[in-house]
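Visitor: Below you'll find coords-v3.cif; it's mmCIF, C-alpha atoms.
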```
data_model
#
loop_
_atom_site.label_atom_id
_atom_site.label_comp_id
_atom_site.auth_asym_id
_atom_site.auth_seq_id
_atom_site.Cartn_x
_atom_site.Cartn_y
_atom_site.Cartn_z
CA MET A 1172 160.35 -264.38 -41.74
CA GLU A 1173 159.47 -260.72 -41.34
CA LYS A 1174 155.93 -260.06 -40.20
CA PRO A 1175 153.91 -259.03 -43.28
CA LEU A 1176 152.00 -255.76 -43.42
CA ARG A 1177 148.22 -256.02 -43.64
CA MET A 1178 146.11 -253.65 -45.64
CA LEU A 1179 142.41 -253.33 -46.37
CA MET A 1180 141.34 -252.38 -49.91
CA ALA A 1181 137.81 -251.13 -50.15
CA LYS A 1182 135.47 -249.31 -52.50
CA PRO A 1183 133.12 -247.20 -50.42
CA GLY A 1184 129.84 -245.88 -51.74
CA LEU A 1185 128.03 -246.79 -54.93
CA ASP A 1186 130.93 -246.68 -57.37
CA GLY A 1187 130.95 -249.93 -59.35
CA HIS A 1188 134.27 -249.83 -61.22
CA ASP A 1189 136.78 -252.01 -59.44
CA ARG A 1190 139.48 -252.76 -62.01
CA GLY A 1191 141.77 -250.09 -60.56
CA ALA A 1192 141.29 -251.28 -57.01
CA LYS A 1193 141.99 -254.89 -58.00
CA THR A 1194 145.10 -253.86 -59.94
CA VAL A 1195 146.47 -251.96 -56.97
CA ALA A 1196 145.56 -254.85 -54.64
CA ARG A 1197 147.59 -257.25 -56.79
CA ALA A 1198 150.52 -254.83 -56.93
CA LEU A 1199 150.53 -254.51 -53.15
CA ARG A 1200 150.43 -258.31 -52.86
CA ASP A 1201 153.42 -258.52 -55.20
CA ALA A 1202 155.16 -256.06 -52.90
CA GLY A 1203 154.74 -258.51 -50.02
CA ILE A 1204 151.64 -257.09 -48.35
CA GLU A 1205 148.65 -259.14 -47.17
CA VAL A 1206 145.75 -257.37 -48.84
CA ILE A 1207 142.24 -257.93 -47.53
CA TYR A 1208 140.00 -257.04 -50.45
CA THR A 1209 136.46 -256.29 -49.39
CA GLY A 1210 134.85 -255.46 -52.70
CA LEU A 1211 132.23 -253.00 -53.82
CA ARG A 1212 129.58 -250.93 -52.09
CA GLN A 1213 131.11 -250.81 -48.66
CA THR A 1214 129.66 -248.39 -46.15
CA PRO A 1215 132.07 -246.45 -43.93
CA GLU A 1216 130.86 -248.55 -41.00
CA MET A 1217 131.64 -251.81 -42.83
CA ILE A 1218 135.10 -250.53 -43.71
CA VAL A 1219 135.91 -249.53 -40.14
CA GLU A 1220 134.57 -252.84 -38.81
CA ALA A 1221 136.70 -254.80 -41.27
CA ALA A 1222 139.79 -252.68 -40.50
CA ILE A 1223 139.39 -253.49 -36.81
CA GLN A 1224 138.66 -257.21 -37.19
CA GLU A 1225 141.56 -257.65 -39.57
CA ASP A 1226 143.89 -255.46 -37.45
CA VAL A 1227 145.26 -253.77 -40.54
CA ASP A 1228 148.16 -251.35 -40.75
CA GLY A 1229 146.56 -249.38 -43.56
CA VAL A 1230 143.34 -248.86 -45.49
CA GLY A 1231 143.22 -248.16 -49.22
CA LEU A 1232 140.07 -246.49 -50.53
CA SER A 1233 139.24 -246.44 -54.22
CA ILE A 1234 136.69 -243.77 -55.09
CA LEU A 1235 135.74 -242.87 -58.64
CA SER A 1236 132.30 -241.46 -57.86
CA GLY A 1237 133.31 -238.06 -56.54
CA ALA A 1238 131.89 -238.78 -53.10
CA HIS A 1239 135.29 -238.75 -51.39
CA MET A 1240 134.76 -235.57 -49.37
CA THR A 1241 131.73 -237.18 -47.73
CA LEU A 1242 132.97 -240.75 -47.37
CA VAL A 1243 136.61 -240.29 -46.35
CA PRO A 1244 136.03 -238.09 -43.28
CA ARG A 1245 133.41 -240.57 -42.03
CA ILE A 1246 135.89 -243.40 -42.34
CA LEU A 1247 138.66 -241.42 -40.63
CA ASP A 1248 136.24 -240.52 -37.85
CA GLY A 1249 135.12 -244.14 -37.47
CA LEU A 1250 138.72 -245.34 -37.19
CA HIS A 1251 139.45 -242.66 -34.63
CA ARG A 1252 136.44 -243.59 -32.49
CA ALA A 1253 137.43 -247.26 -32.64
CA GLY A 1254 140.86 -246.41 -31.25
CA ALA A 1255 142.62 -247.07 -34.55
CA ASP A 1256 144.43 -243.76 -35.13
CA HIS A 1257 147.63 -245.55 -36.14
CA VAL A 1258 145.90 -247.05 -39.20
CA GLN A 1259 146.99 -245.07 -42.24
CA VAL A 1260 144.43 -244.21 -44.89
CA PHE A 1261 145.28 -243.88 -48.58
CA VAL A 1262 142.84 -242.63 -51.18
CA GLY A 1263 142.95 -243.33 -54.89
CA GLY A 1264 140.68 -242.65 -57.84
CA ILE A 1265 139.17 -239.48 -59.28
CA ILE A 1266 140.26 -236.82 -56.81
CA PRO A 1267 140.32 -233.19 -58.03
CA ASP A 1268 143.53 -231.30 -57.21
CA GLU A 1269 141.77 -228.86 -54.92
CA ASP A 1270 140.57 -231.72 -52.69
CA VAL A 1271 144.01 -233.21 -52.09
CA GLU A 1272 145.14 -230.76 -49.40
CA PRO A 1273 141.85 -230.92 -47.46
CA LEU A 1274 142.07 -234.72 -47.50
CA LEU A 1275 145.67 -234.69 -46.26
CA GLU A 1276 144.76 -232.20 -43.58
CA ALA A 1277 141.86 -234.39 -42.50
CA GLY A 1278 144.35 -237.18 -41.83
CA VAL A 1279 144.77 -239.07 -45.10
CA SER A 1280 148.36 -240.27 -45.61
CA GLY A 1281 148.43 -240.17 -49.38
CA VAL A 1282 146.22 -239.34 -52.35
CA PHE A 1283 146.72 -241.01 -55.74
CA GLY A 1284 144.89 -239.51 -58.69
CA PRO A 1285 144.52 -241.05 -62.14
CA GLY A 1286 147.85 -241.80 -63.77
CA SER A 1287 149.61 -242.63 -60.50
CA SER A 1288 152.07 -245.42 -61.22
CA LEU A 1289 151.72 -248.70 -59.38
CA LYS A 1290 155.37 -248.41 -58.43
CA SER A 1291 154.87 -245.01 -56.78
CA ILE A 1292 151.81 -246.26 -54.93
CA THR A 1293 153.43 -249.42 -53.59
CA GLU A 1294 156.66 -247.66 -52.62
CA PHE A 1295 154.81 -244.90 -50.81
CA VAL A 1296 152.51 -247.31 -49.00
CA ARG A 1297 155.40 -249.54 -47.90
CA LEU A 1298 157.33 -246.52 -46.69
CA ARG A 1299 154.46 -245.09 -44.69
CA LEU A 1300 153.44 -248.42 -43.18
CA GLY A 1301 156.99 -249.01 -42.03
CA GLY A 1302 157.94 -251.82 -44.35
CA ALA A 1303 161.49 -252.35 -45.64
CA MET B 405 147.18 -253.30 -22.18
CA ASP B 406 146.74 -256.94 -21.29
CA LEU B 407 145.43 -258.06 -24.65
CA ALA B 408 144.20 -261.45 -23.52
CA ALA B 409 142.24 -260.00 -20.60
CA GLU B 410 140.78 -257.26 -22.79
CA ALA B 411 139.81 -259.72 -25.49
CA LEU B 412 138.19 -262.06 -22.98
CA GLY B 413 136.34 -259.03 -21.63
CA GLY B 414 134.69 -258.44 -25.01
CA ASN B 415 136.97 -255.79 -26.56
CA ARG B 416 136.91 -256.63 -30.28
CA TYR B 417 139.96 -254.59 -31.19
CA ALA B 418 141.94 -256.34 -28.47
CA LEU B 419 140.68 -259.64 -29.91
CA ALA B 420 141.91 -258.66 -33.37
CA ARG B 421 145.32 -257.66 -32.01
CA LEU B 422 145.53 -260.84 -29.97
CA ILE B 423 144.89 -262.80 -33.16
CA SER B 424 147.72 -260.88 -34.87
CA LEU B 425 149.99 -261.76 -31.98
CA ILE B 426 149.19 -265.45 -32.39
CA GLU B 427 149.72 -265.18 -36.15
CA ASP B 428 153.16 -263.65 -35.70
CA GLY B 429 154.27 -266.42 -33.38
CA GLY B 430 157.04 -266.19 -30.84
CA VAL B 431 157.14 -266.01 -27.09
CA GLU B 432 154.29 -263.53 -26.74
CA ALA B 433 152.03 -265.75 -28.82
CA ALA B 434 152.81 -268.70 -26.57
CA GLN B 435 152.06 -266.64 -23.47
CA ALA B 436 148.79 -265.42 -24.94
CA LEU B 437 147.69 -268.95 -25.81
CA ALA B 438 148.52 -270.07 -22.28
CA ALA B 439 146.48 -267.18 -20.87
CA ILE B 440 143.34 -268.02 -22.84
CA HIS B 441 143.63 -271.77 -22.57
CA PRO B 442 141.43 -272.23 -19.48
CA LYS B 443 138.53 -270.68 -21.39
CA THR B 444 138.73 -272.97 -24.41
CA GLY B 445 136.81 -276.18 -25.12
CA ASN B 446 133.26 -274.92 -25.67
CA ALA B 447 133.07 -273.91 -29.29
CA HIS B 448 132.05 -276.26 -32.08
CA ILE B 449 134.82 -275.96 -34.65
CA ILE B 450 133.57 -276.59 -38.17
CA GLY B 451 135.89 -276.86 -41.14
CA VAL B 452 134.73 -276.05 -44.67
CA THR B 453 136.94 -277.31 -47.45
CA GLY B 454 136.60 -278.06 -51.15
CA GLY B 455 138.08 -277.13 -54.50
CA PRO B 456 138.08 -273.74 -56.17
CA GLY B 457 134.74 -272.61 -57.54
CA THR B 458 132.62 -274.85 -55.31
CA GLY B 459 131.14 -271.88 -53.43
CA LYS B 460 132.78 -272.29 -50.02
CA SER B 461 132.77 -268.61 -49.07
CA THR B 462 129.17 -268.15 -50.11
CA LEU B 463 128.26 -271.25 -48.12
CA VAL B 464 130.14 -270.02 -45.05
CA ASN B 465 128.23 -266.73 -45.33
CA GLN B 466 124.91 -268.58 -45.39
CA LEU B 467 125.88 -270.95 -42.57
CA ALA B 468 126.78 -267.96 -40.42
CA LEU B 469 123.50 -266.19 -41.22
CA GLN B 470 121.48 -269.25 -40.27
CA LEU B 471 123.54 -269.85 -37.13
CA ARG B 472 122.77 -266.27 -36.10
CA ALA B 473 119.09 -266.85 -36.78
CA ARG B 474 119.36 -269.79 -34.36
CA GLY B 475 120.90 -267.50 -31.76
CA ARG B 476 124.49 -268.71 -31.96
CA THR B 477 127.54 -266.46 -32.19
CA VAL B 478 130.06 -267.18 -34.94
CA GLY B 479 133.77 -266.64 -35.43
CA ILE B 480 134.98 -267.11 -39.00
CA ILE B 481 138.54 -267.73 -40.18
CA ALA B 482 139.00 -267.52 -43.96
CA VAL B 483 142.34 -268.78 -45.22
CA ASP B 484 143.90 -267.85 -48.57
CA PRO B 485 147.36 -268.65 -49.95
CA SER B 486 150.42 -266.44 -49.53
CA SER B 487 152.54 -265.86 -52.60
CA PRO B 488 155.65 -268.01 -52.26
CA PHE B 489 157.60 -265.33 -54.14
CA SER B 490 156.58 -262.04 -52.55
CA GLY B 491 155.22 -263.25 -49.21
CA GLY B 492 152.12 -261.13 -49.83
CA ALA B 493 148.57 -262.36 -50.30
CA LEU B 494 145.22 -261.40 -51.77
CA LEU B 495 142.64 -262.32 -49.14
CA GLY B 496 139.29 -262.06 -50.85
CA ASP B 497 136.88 -264.26 -48.91
CA ARG B 498 135.31 -261.32 -47.07
CA VAL B 499 133.79 -260.19 -50.36
CA ARG B 500 131.20 -262.97 -50.03
CA MET B 501 130.37 -262.17 -46.42
CA ARG B 502 128.85 -258.69 -46.64
CA ASP B 503 125.57 -259.95 -45.15
CA LEU B 504 127.35 -260.46 -41.86
CA ALA B 505 128.58 -256.88 -41.50
CA GLY B 506 127.44 -254.87 -38.51
CA ASP B 507 126.52 -257.91 -36.42
CA SER B 508 128.47 -258.00 -33.17
CA GLY B 509 127.71 -261.71 -32.91
CA VAL B 510 130.00 -262.38 -35.89
CA PHE B 511 133.75 -261.89 -36.21
CA VAL B 512 135.49 -262.44 -39.55
CA ARG B 513 139.25 -262.78 -39.85
CA SER B 514 141.19 -263.42 -43.05
CA MET B 515 144.46 -265.32 -42.73
CA ALA B 516 147.24 -265.90 -45.26
CA THR B 517 148.96 -269.29 -45.19
CA ARG B 518 152.42 -267.67 -44.74
CA GLY B 519 154.23 -270.68 -46.11
CA SER B 520 152.17 -273.53 -44.70
CA ALA B 521 150.93 -276.24 -47.02
CA GLY B 522 147.92 -278.39 -46.15
CA GLY B 523 145.19 -275.78 -46.55
CA LEU B 524 145.58 -273.82 -43.32
CA ALA B 525 148.02 -271.33 -41.85
CA ARG B 526 150.28 -272.57 -39.05
CA ALA B 527 148.48 -270.29 -36.61
CA THR B 528 144.92 -271.15 -37.66
CA ALA B 529 144.41 -273.66 -34.87
CA GLY B 530 145.62 -271.13 -32.31
CA VAL B 531 143.33 -268.44 -33.70
CA ALA B 532 140.40 -270.86 -33.52
CA ARG B 533 141.28 -271.39 -29.84
CA VAL B 534 141.18 -267.65 -29.23
CA LEU B 535 137.75 -267.30 -30.83
CA ASP B 536 136.62 -270.27 -28.73
CA ALA B 537 138.01 -268.69 -25.56
CA VAL B 538 136.29 -265.32 -26.01
CA GLY B 539 132.97 -267.11 -26.27
CA PHE B 540 131.93 -267.70 -29.87
CA ASP B 541 129.60 -270.73 -30.00
CA VAL B 542 130.82 -271.80 -33.43
CA VAL B 543 134.11 -271.28 -35.22
CA LEU B 544 133.89 -271.73 -39.00
CA ILE B 545 137.21 -272.29 -40.73
CA GLU B 546 137.29 -271.95 -44.50
CA THR B 547 140.40 -273.55 -45.96
CA VAL B 548 142.45 -272.38 -48.92
CA GLY B 549 140.46 -274.61 -51.23
CA ALA B 550 143.00 -276.24 -53.48
CA GLY B 551 140.90 -279.34 -52.97
CA GLN B 552 143.18 -282.28 -52.83
CA ILE B 553 145.82 -282.04 -50.15
CA GLU B 554 143.90 -280.36 -47.38
CA VAL B 555 144.15 -282.82 -44.55
CA ASP B 556 145.04 -280.20 -41.93
CA ILE B 557 141.41 -279.24 -41.45
CA ALA B 558 140.45 -282.74 -40.30
CA ARG B 559 142.96 -282.38 -37.46
CA THR B 560 141.78 -278.90 -36.52
CA ALA B 561 137.99 -279.15 -36.60
CA HIS B 562 135.39 -281.29 -34.83
CA THR B 563 133.22 -281.45 -37.95
CA THR B 564 134.60 -281.23 -41.48
CA LEU B 565 132.41 -280.28 -44.43
CA VAL B 566 133.71 -281.08 -47.89
CA VAL B 567 132.05 -279.02 -50.59
CA GLU B 568 131.60 -280.30 -54.13
CA ALA B 569 129.94 -278.67 -57.12
CA PRO B 570 128.70 -280.20 -60.37
CA GLY B 571 130.37 -279.57 -63.69
CA LEU B 572 133.86 -278.89 -62.37
CA GLY B 573 135.32 -282.03 -63.87
CA ASP B 574 135.41 -285.72 -63.39
CA GLU B 575 133.51 -286.79 -60.27
CA VAL B 576 136.04 -289.50 -59.79
CA GLN B 577 138.69 -286.91 -59.01
CA ALA B 578 136.97 -286.08 -55.75
CA ILE B 579 136.81 -289.71 -54.87
CA LYS B 580 140.49 -290.25 -55.58
CA ALA B 581 141.51 -287.24 -53.53
CA GLY B 582 140.69 -288.87 -50.21
CA LEU B 583 137.49 -286.90 -49.84
CA PHE B 584 135.75 -289.59 -47.87
CA GLU B 585 138.57 -289.92 -45.41
CA ILE B 586 138.21 -286.39 -44.13
CA ALA B 587 134.55 -285.56 -44.74
CA ASP B 588 132.05 -285.79 -41.91
CA ILE B 589 129.46 -284.23 -44.20
CA ILE B 590 129.63 -283.89 -47.97
CA VAL B 591 127.92 -280.84 -49.41
CA VAL B 592 126.98 -280.71 -53.05
CA ASN B 593 126.53 -277.03 -53.71
CA LYS B 594 125.21 -275.28 -56.82
CA MET B 595 122.42 -277.85 -57.08
CA ASP B 596 120.77 -275.64 -59.69
CA HIS B 597 123.57 -276.39 -62.15
CA PRO B 598 123.24 -279.09 -64.82
CA GLY B 599 124.77 -282.42 -63.86
CA ALA B 600 123.98 -281.97 -60.15
CA TYR B 601 122.16 -285.27 -59.80
CA ARG B 602 124.88 -287.10 -61.70
CA THR B 603 127.38 -285.75 -59.16
CA ILE B 604 125.20 -286.96 -56.30
CA SER B 605 124.82 -290.42 -57.83
CA ALA B 606 128.55 -290.78 -58.34
CA LEU B 607 129.25 -289.76 -54.75
CA LYS B 608 126.54 -292.01 -53.32
CA LEU B 609 127.95 -294.98 -55.19
CA VAL B 610 131.32 -294.56 -53.54
CA SER B 611 130.12 -293.53 -50.10
CA GLU B 612 128.32 -296.76 -49.35
CA ARG B 613 130.14 -298.71 -46.70
CA PRO B 614 129.90 -302.44 -45.94
CA GLU B 615 128.07 -303.57 -42.80
CA MET B 616 130.20 -302.97 -39.74
CA ASP B 617 130.84 -305.30 -36.85
CA ALA B 618 128.31 -304.42 -34.14
CA THR B 619 130.97 -304.65 -31.44
CA LEU B 620 132.97 -301.78 -32.95
CA PRO B 621 132.30 -298.22 -31.81
CA ALA B 622 129.39 -296.50 -33.54
CA ARG B 623 130.28 -295.37 -37.01
CA TRP B 624 129.14 -292.05 -38.43
CA SER B 625 127.49 -292.41 -41.80
CA VAL B 626 128.57 -289.50 -44.01
CA PRO B 627 125.48 -287.76 -45.36
CA ILE B 628 125.37 -285.93 -48.67
CA GLN B 629 123.65 -282.56 -48.28
CA GLU B 630 122.36 -280.60 -51.27
CA THR B 631 122.57 -276.83 -51.26
CA ILE B 632 122.33 -273.71 -53.37
CA ALA B 633 124.44 -271.39 -51.24
CA LEU B 634 123.59 -268.34 -53.29
CA ASP B 635 120.01 -268.28 -52.06
CA GLY B 636 120.35 -270.40 -48.93
CA THR B 637 118.51 -273.46 -50.20
CA GLY B 638 119.37 -276.54 -48.15
CA VAL B 639 121.52 -274.64 -45.66
CA SER B 640 119.11 -275.10 -42.77
CA ALA B 641 119.10 -278.87 -43.36
CA LEU B 642 122.89 -278.75 -43.57
CA LEU B 643 123.04 -277.06 -40.17
CA ASP B 644 120.76 -279.74 -38.77
CA ALA B 645 123.21 -282.35 -40.06
CA VAL B 646 126.09 -280.45 -38.44
CA ASP B 647 124.25 -280.39 -35.11
CA THR B 648 123.48 -284.09 -35.46
CA HIS B 649 127.17 -284.79 -35.98
CA ARG B 650 128.09 -282.80 -32.88
CA GLU B 651 125.53 -284.72 -30.83
CA PHE B 652 126.81 -288.01 -32.26
CA LEU B 653 130.38 -287.11 -31.26
CA ARG B 654 129.35 -286.18 -27.75
CA MET B 655 127.14 -289.20 -27.18
CA THR B 656 129.64 -291.75 -28.49
CA GLY B 657 132.64 -290.26 -26.72
CA GLN B 658 134.22 -289.37 -30.05
CA TRP B 659 134.19 -285.66 -29.23
CA ALA B 660 136.97 -286.38 -26.75
CA GLN B 661 138.75 -288.41 -29.43
CA ARG B 662 138.58 -285.42 -31.81
CA GLU B 663 139.93 -283.18 -29.05
CA ARG B 664 142.85 -285.57 -28.68
CA THR B 665 143.50 -285.54 -32.43
CA ILE B 666 143.39 -281.75 -32.43
CA ALA B 667 145.67 -281.52 -29.40
CA LYS B 668 148.20 -283.98 -30.82
CA HIS B 669 148.34 -282.11 -34.12
CA GLU B 670 148.90 -278.78 -32.34
CA LEU B 671 151.55 -280.31 -30.10
CA LEU B 672 153.48 -281.86 -32.98
CA ILE B 673 153.38 -278.63 -34.98
CA GLY B 674 154.54 -276.65 -31.97
CA LEU B 675 157.39 -279.06 -31.29
CA GLN B 676 158.39 -279.07 -34.94
CA GLN B 677 158.59 -275.29 -35.08
CA ARG B 678 160.35 -274.87 -31.79
CA LEU B 679 162.91 -277.61 -32.43
CA LEU B 680 163.69 -276.31 -35.89
CA ALA B 681 163.98 -272.72 -34.67
CA ASP B 682 166.31 -273.72 -31.84
CA LEU B 683 168.34 -275.93 -34.16
CA LEU B 684 168.77 -273.15 -36.71
CA ILE B 685 169.98 -270.79 -33.99
CA GLU B 686 172.43 -273.47 -32.87
CA ILE B 687 173.76 -274.09 -36.37
CA GLY B 688 173.87 -270.45 -37.43
CA ASP B 689 173.26 -269.03 -40.89
CA GLN B 690 176.79 -269.46 -42.22
CA ARG B 691 177.13 -273.12 -41.32
CA LEU B 692 173.67 -273.79 -42.73
CA GLN B 693 174.75 -272.19 -46.01
CA ASP B 694 177.86 -274.42 -46.04
CA TRP B 695 175.67 -277.49 -45.78
CA VAL B 696 173.36 -276.15 -48.50
CA GLU B 697 176.42 -275.73 -50.80
CA ARG B 698 177.60 -279.24 -50.13
CA VAL B 699 174.22 -280.76 -50.96
CA ALA B 700 173.72 -278.54 -54.03
CA ASN B 701 177.21 -279.45 -55.32
CA ARG B 702 176.44 -283.12 -54.91
CA GLU B 703 179.33 -283.52 -52.42
CA MET B 704 176.82 -285.09 -50.11
CA ASP B 705 173.21 -286.24 -50.27
CA CYS B 706 170.53 -284.59 -48.17
CA TYR B 707 169.94 -287.50 -45.82
CA SER B 708 173.64 -287.76 -44.95
CA ALA B 709 173.76 -284.01 -44.43
CA VAL B 710 170.88 -284.22 -41.96
CA CYS B 711 172.66 -286.96 -40.02
CA SER B 712 175.90 -284.99 -39.97
CA ILE B 713 174.19 -281.80 -38.85
CA LEU B 714 172.45 -283.60 -36.00
CA GLN B 715 175.71 -285.31 -35.03
CA GLY B 716 177.17 -281.86 -34.60
CA VAL B 717 174.50 -280.80 -32.15
CA PRO B 718 175.41 -282.15 -28.69
CA ALA B 719 171.92 -282.28 -27.28
CA LEU B 720 170.55 -284.21 -30.24
CA ARG B 721 173.51 -286.48 -30.97
CA GLN B 722 172.19 -289.91 -31.93
CA GLU B 723 174.24 -292.69 -30.32
#
```
As a first step, turn the structure in this file into structure tokens.

Guide:
Amino acid sequence: MEKPLRMLMAKPGLDGHDRGAKTVARALRDAGIEVIYTGLRQTPEMIVEAAIQEDVDGVGLSILSGAHMTLVPRILDGLHRAGADHVQVFVGGIIPDEDVEPLLEAGVSGVFGPGSSLKSITEFVRLRLGGA
Amino acid sequence: MDLAAEALGGNRYALARLISLIEDGGVEAAQALAAIHPKTGNAHIIGVTGGPGTGKSTLVNQLALQLRARGRTVGIIAVDPSSPFSGGALLGDRVRMRDLAGDSGVFVRSMATRGSAGGLARATAGVARVLDAVGFDVVLIETVGAGQIEVDIARTAHTTLVVEAPGLGDEVQAIKAGLFEIADIIVVNKMDHPGAYRTISALKLVSERPEMDATLPARWSVPIQETIALDGTGVSALLDAVDTHREFLRMTGQWAQRERTIAKHELLIGLQQRLLADLLIEIGDQRLQDWVERVANREMDCYSAVCSILQGVPALRQE
């Protein structure tokens, strides 16, 4: 049996709406990925710690609060300092168009705004994480 | 990087990657387990099992917090089921363990069953060994939690906690499910719910054992601990009971007996996997498919097919 991919799904910051994150988590599971769902109100430090302990291939961040330009770089930095540069970070939620490029340049692998189809998300994630 | 050496040296990322290696199985996993083996044997392995909705994860969170307050380090393995269709899994036990974040004396790892039945993943025992080897005082293993068929944990842990909660259905169900055969400690959680004392009465009625022959080895009397995991009520007393059980095992020589049970279980699983893997390589995919066709078409029954297959393997030919 092929070794499954492992991915962390987290909601950093104070944003309390998790239906989207849970929907994506289930879709990724249905695509054969082991999804570690950490829930709401995660600090960047908690996310990095979990990513390390769980030895994930990717991290999915769901941010609807608009705080992505503060939170995401801190998470990327934390992963880098922990020696986890190979871990790919994906961001979904309410992300204004003008922030997409800066996020990608900062090291994010993919940004999924509102209206992104589950199919496009799961296919992209599988492709980038090296799954079949 | 020598993962085992790095992990034993305290590198937490190396530990995590070592655990992944063990999970994935294969030759490297075997080598890693051999490398860490000399350091194993110190941790108290505690299993936490029980049906859905009984509050296992919340209880594990509280147990870990109180263990930390008592100065012990804790490794936690939380097992959730893999989808038999997609092979993926939703591992959500960490959600209940946010209180433990940021504490270097705690390590939490979620594991998917990856096809194993029985409440644990195939590699769970090996992962527990790794956490033991790197120096955690206690390893808490939270099983899948289907409730009824989870005997694996009793062969993997020194002390098994079975968690019940009131109002989840007929108390008799728990009794029928072999609860008392695997429980070292029964925990009735959610004591603030209606019907809690009825649950306790029902369990007490069935847990009473007849007087034992004094010449037989000392018998552990399974206590019923009452908790409200959400706010930590009763968890300190539960930990005292866990410590008492550990002392009992050590003083009566039954700790060594548990170690033997654990070792035998691991050995049998290892042999099973290795023999099957080697056999499948020997037979080859195409021939296996041929046999599958024959059984599916009713040309031959499964038992006869097994005999015929083994007849065809020189090393295993039964005379």

Visitor: Show me a table, sorted first by chain and then by increasing residue number, of the residues of chain A having an atom at most 7 Å from chain B, each with its shortest atom pair and the distance in Å to one decimal, counting only C-alpha atoms and written as JSON lines.

Guide:
```
{"residue": "A:Lys1174", "atom": "CA", "partner": "B:Asp428", "partner_atom": "CA", "distance": 6.4}
{"residue": "A:Arg1197", "atom": "CA", "partner": "B:Leu494", "partner_atom": "CA", "distance": 6.9}
{"residue": "A:Arg1200", "atom": "CA", "partner": "B:Gly492", "partner_atom": "CA", "distance": 4.5}
{"residue": "A:Asp1201", "atom": "CA", "partner": "B:Ser490", "partner_atom": "CA", "distance": 5.4}
{"residue": "A:Ala1202", "atom": "CA", "partner": "B:Ser490", "partner_atom": "CA", "distance": 6.2}
{"residue": "A:Gly1203", "atom": "CA", "partner": "B:Gly492", "partner_atom": "CA", "distance": 3.7}
{"residue": "A:Ile1204", "atom": "CA", "partner": "B:Gly492", "partner_atom": "CA", "distance": 4.3}
{"residue": "A:Glu1205", "atom": "CA", "partner": "B:Ala493", "partner_atom": "CA", "distance": 4.5}
{"residue": "A:Val1206", "atom": "CA", "partner": "B:Leu494", "partner_atom": "CA", "distance": 5.0}
{"residue": "A:Ile1207", "atom": "CA", "partner": "B:Leu495", "partner_atom": "CA", "distance": 4.7}
{"residue": "A:Tyr1208", "atom": "CA", "partner": "B:Gly496", "partner_atom": "CA", "distance": 5.1}
{"residue": "A:Thr1209", "atom": "CA", "partner": "B:Val499", "partner_atom": "CA", "distance": 4.8}
{"residue": "A:Gly1210", "atom": "CA", "partner": "B:Val499", "partner_atom": "CA", "distance": 5.4}
{"residue": "A:Met1217", "atom": "CA", "partner": "B:Ala505", "partner_atom": "CA", "distance": 6.1}
{"residue": "A:Ile1223", "atom": "CA", "partner": "B:Tyr417", "partner_atom": "CA", "distance": 5.8}
{"residue": "A:Gln1224", "atom": "CA", "partner": "B:Ala420", "partner_atom": "CA", "distance": 5.2}
{"residue": "A:Glu1225", "atom": "CA", "partner": "B:Arg513", "partner_atom": "CA", "distance": 5.6}
{"residue": "A:Asp1226", "atom": "CA", "partner": "B:Ala420", "partner_atom": "CA", "distance": 5.6}
```

Visitor: Considering only C-alpha atoms, can you say which of B:Leu643, B:Ala433, B:Val592, B:Ala438 comes closest to Arg472 in chain B?

Guide: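 Using only C-alpha atoms, the shortest distance to Arg472 in chain B belongs to B:Leu643.
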
Visitor: What separation in Å, quoted to one decimal, exists between CA of His1188 in chain A and CA of Gly1237 in chain A?

Guide: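 Value for the CA of His1188 in chain A-CA of Gly1237 in chain A distance: 12.7 Å.
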
Visitor: May I have the residues within 6 Å of range 1245-1252 of chain A as a ChimeraX atom specification, using all atoms listed in the file and disregarding those fewer than 4 positions away in the same chain?

Guide: /A:1215,1219,1256

Visitor: Could you spell out the hits of the PyMOL selection byres ((chain A and resi 1258) around 7) on the shown file, as an MDAnalysis selection string?

Guide: chainID A and resid 1227:1229 1255:1257 1259:1260

Visitor: Give the answer as one residue: which of A:Gly1281, A:Gln1213, A:Ile1265, A:Ile1234 has the shortest atom-to-atom distance to Glu1294 in chain A, using all atoms listed in the file?

Guide: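 Residue with the minimum atom-to-atom distance to Glu1294 in chain A: A:Gly1281.
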
Visitor: Expressed in Å to a single decimal, how great is the separation between CA of Gly549 in chain B and CA of Thr453 in chain B?

Guide: 5.8 Å

Visitor: If we count only C-alpha atoms, what is near Arg1297 in chain A at a cut-off of 9 Å, once residues fewer than 3 positions away on the same chain are taken out, given as a ChimeraX atom specification?

Guide: /A:1176,1199,1202,1204,1292-1294,1300-1303

Visitor: Which polymer residues, protein or nucleic acid, are no farther than 6 Å from (133.1, -290.6, -43.7), counting only C-alpha atoms, as a ChimeraX atom specification?

Guide: /B:584-585,587-588,626

Visitor: Quick one, how far is CA of Ala1192 in chain A from CA of Gly1264 in chain A?

Guide: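 Rounded to one decimal, the two atoms are 8.7 Å apart.
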
Visitor: Restricting the calculation to all atoms listed in the file: of B:Arg559, B:Val567, B:Ala600, B:Asp689, which residue gets closest to Leu672 in chain B?

Guide: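 Comparing B:Arg559, B:Val567, B:Ala600, B:Asp689 against Leu672 in chain B, the winner is B:Arg559.
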
Visitor: Using the chain letters and residue numbers of this document, give as a CSV table (one decimal) with C-alpha atoms, in the coordinates of the input the residues selected by the PyMOL selection byres ((chain A and resi 1182) around 7).

Guide:
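Produced file selection29.csv, reproduced below:
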```csv
chain,number,residue,atom,x,y,z
A,1181,ALA,CA,137.8,-251.1,-50.2
A,1183,PRO,CA,133.1,-247.2,-50.4
A,1184,GLY,CA,129.8,-245.9,-51.7
A,1210,GLY,CA,134.8,-255.5,-52.7
A,1211,LEU,CA,132.2,-253.0,-53.8
A,1212,ARG,CA,129.6,-250.9,-52.1
A,1213,GLN,CA,131.1,-250.8,-48.7
A,1232,LEU,CA,140.1,-246.5,-50.5
A,1233,SER,CA,139.2,-246.4,-54.2
A,1234,ILE,CA,136.7,-243.8,-55.1
```
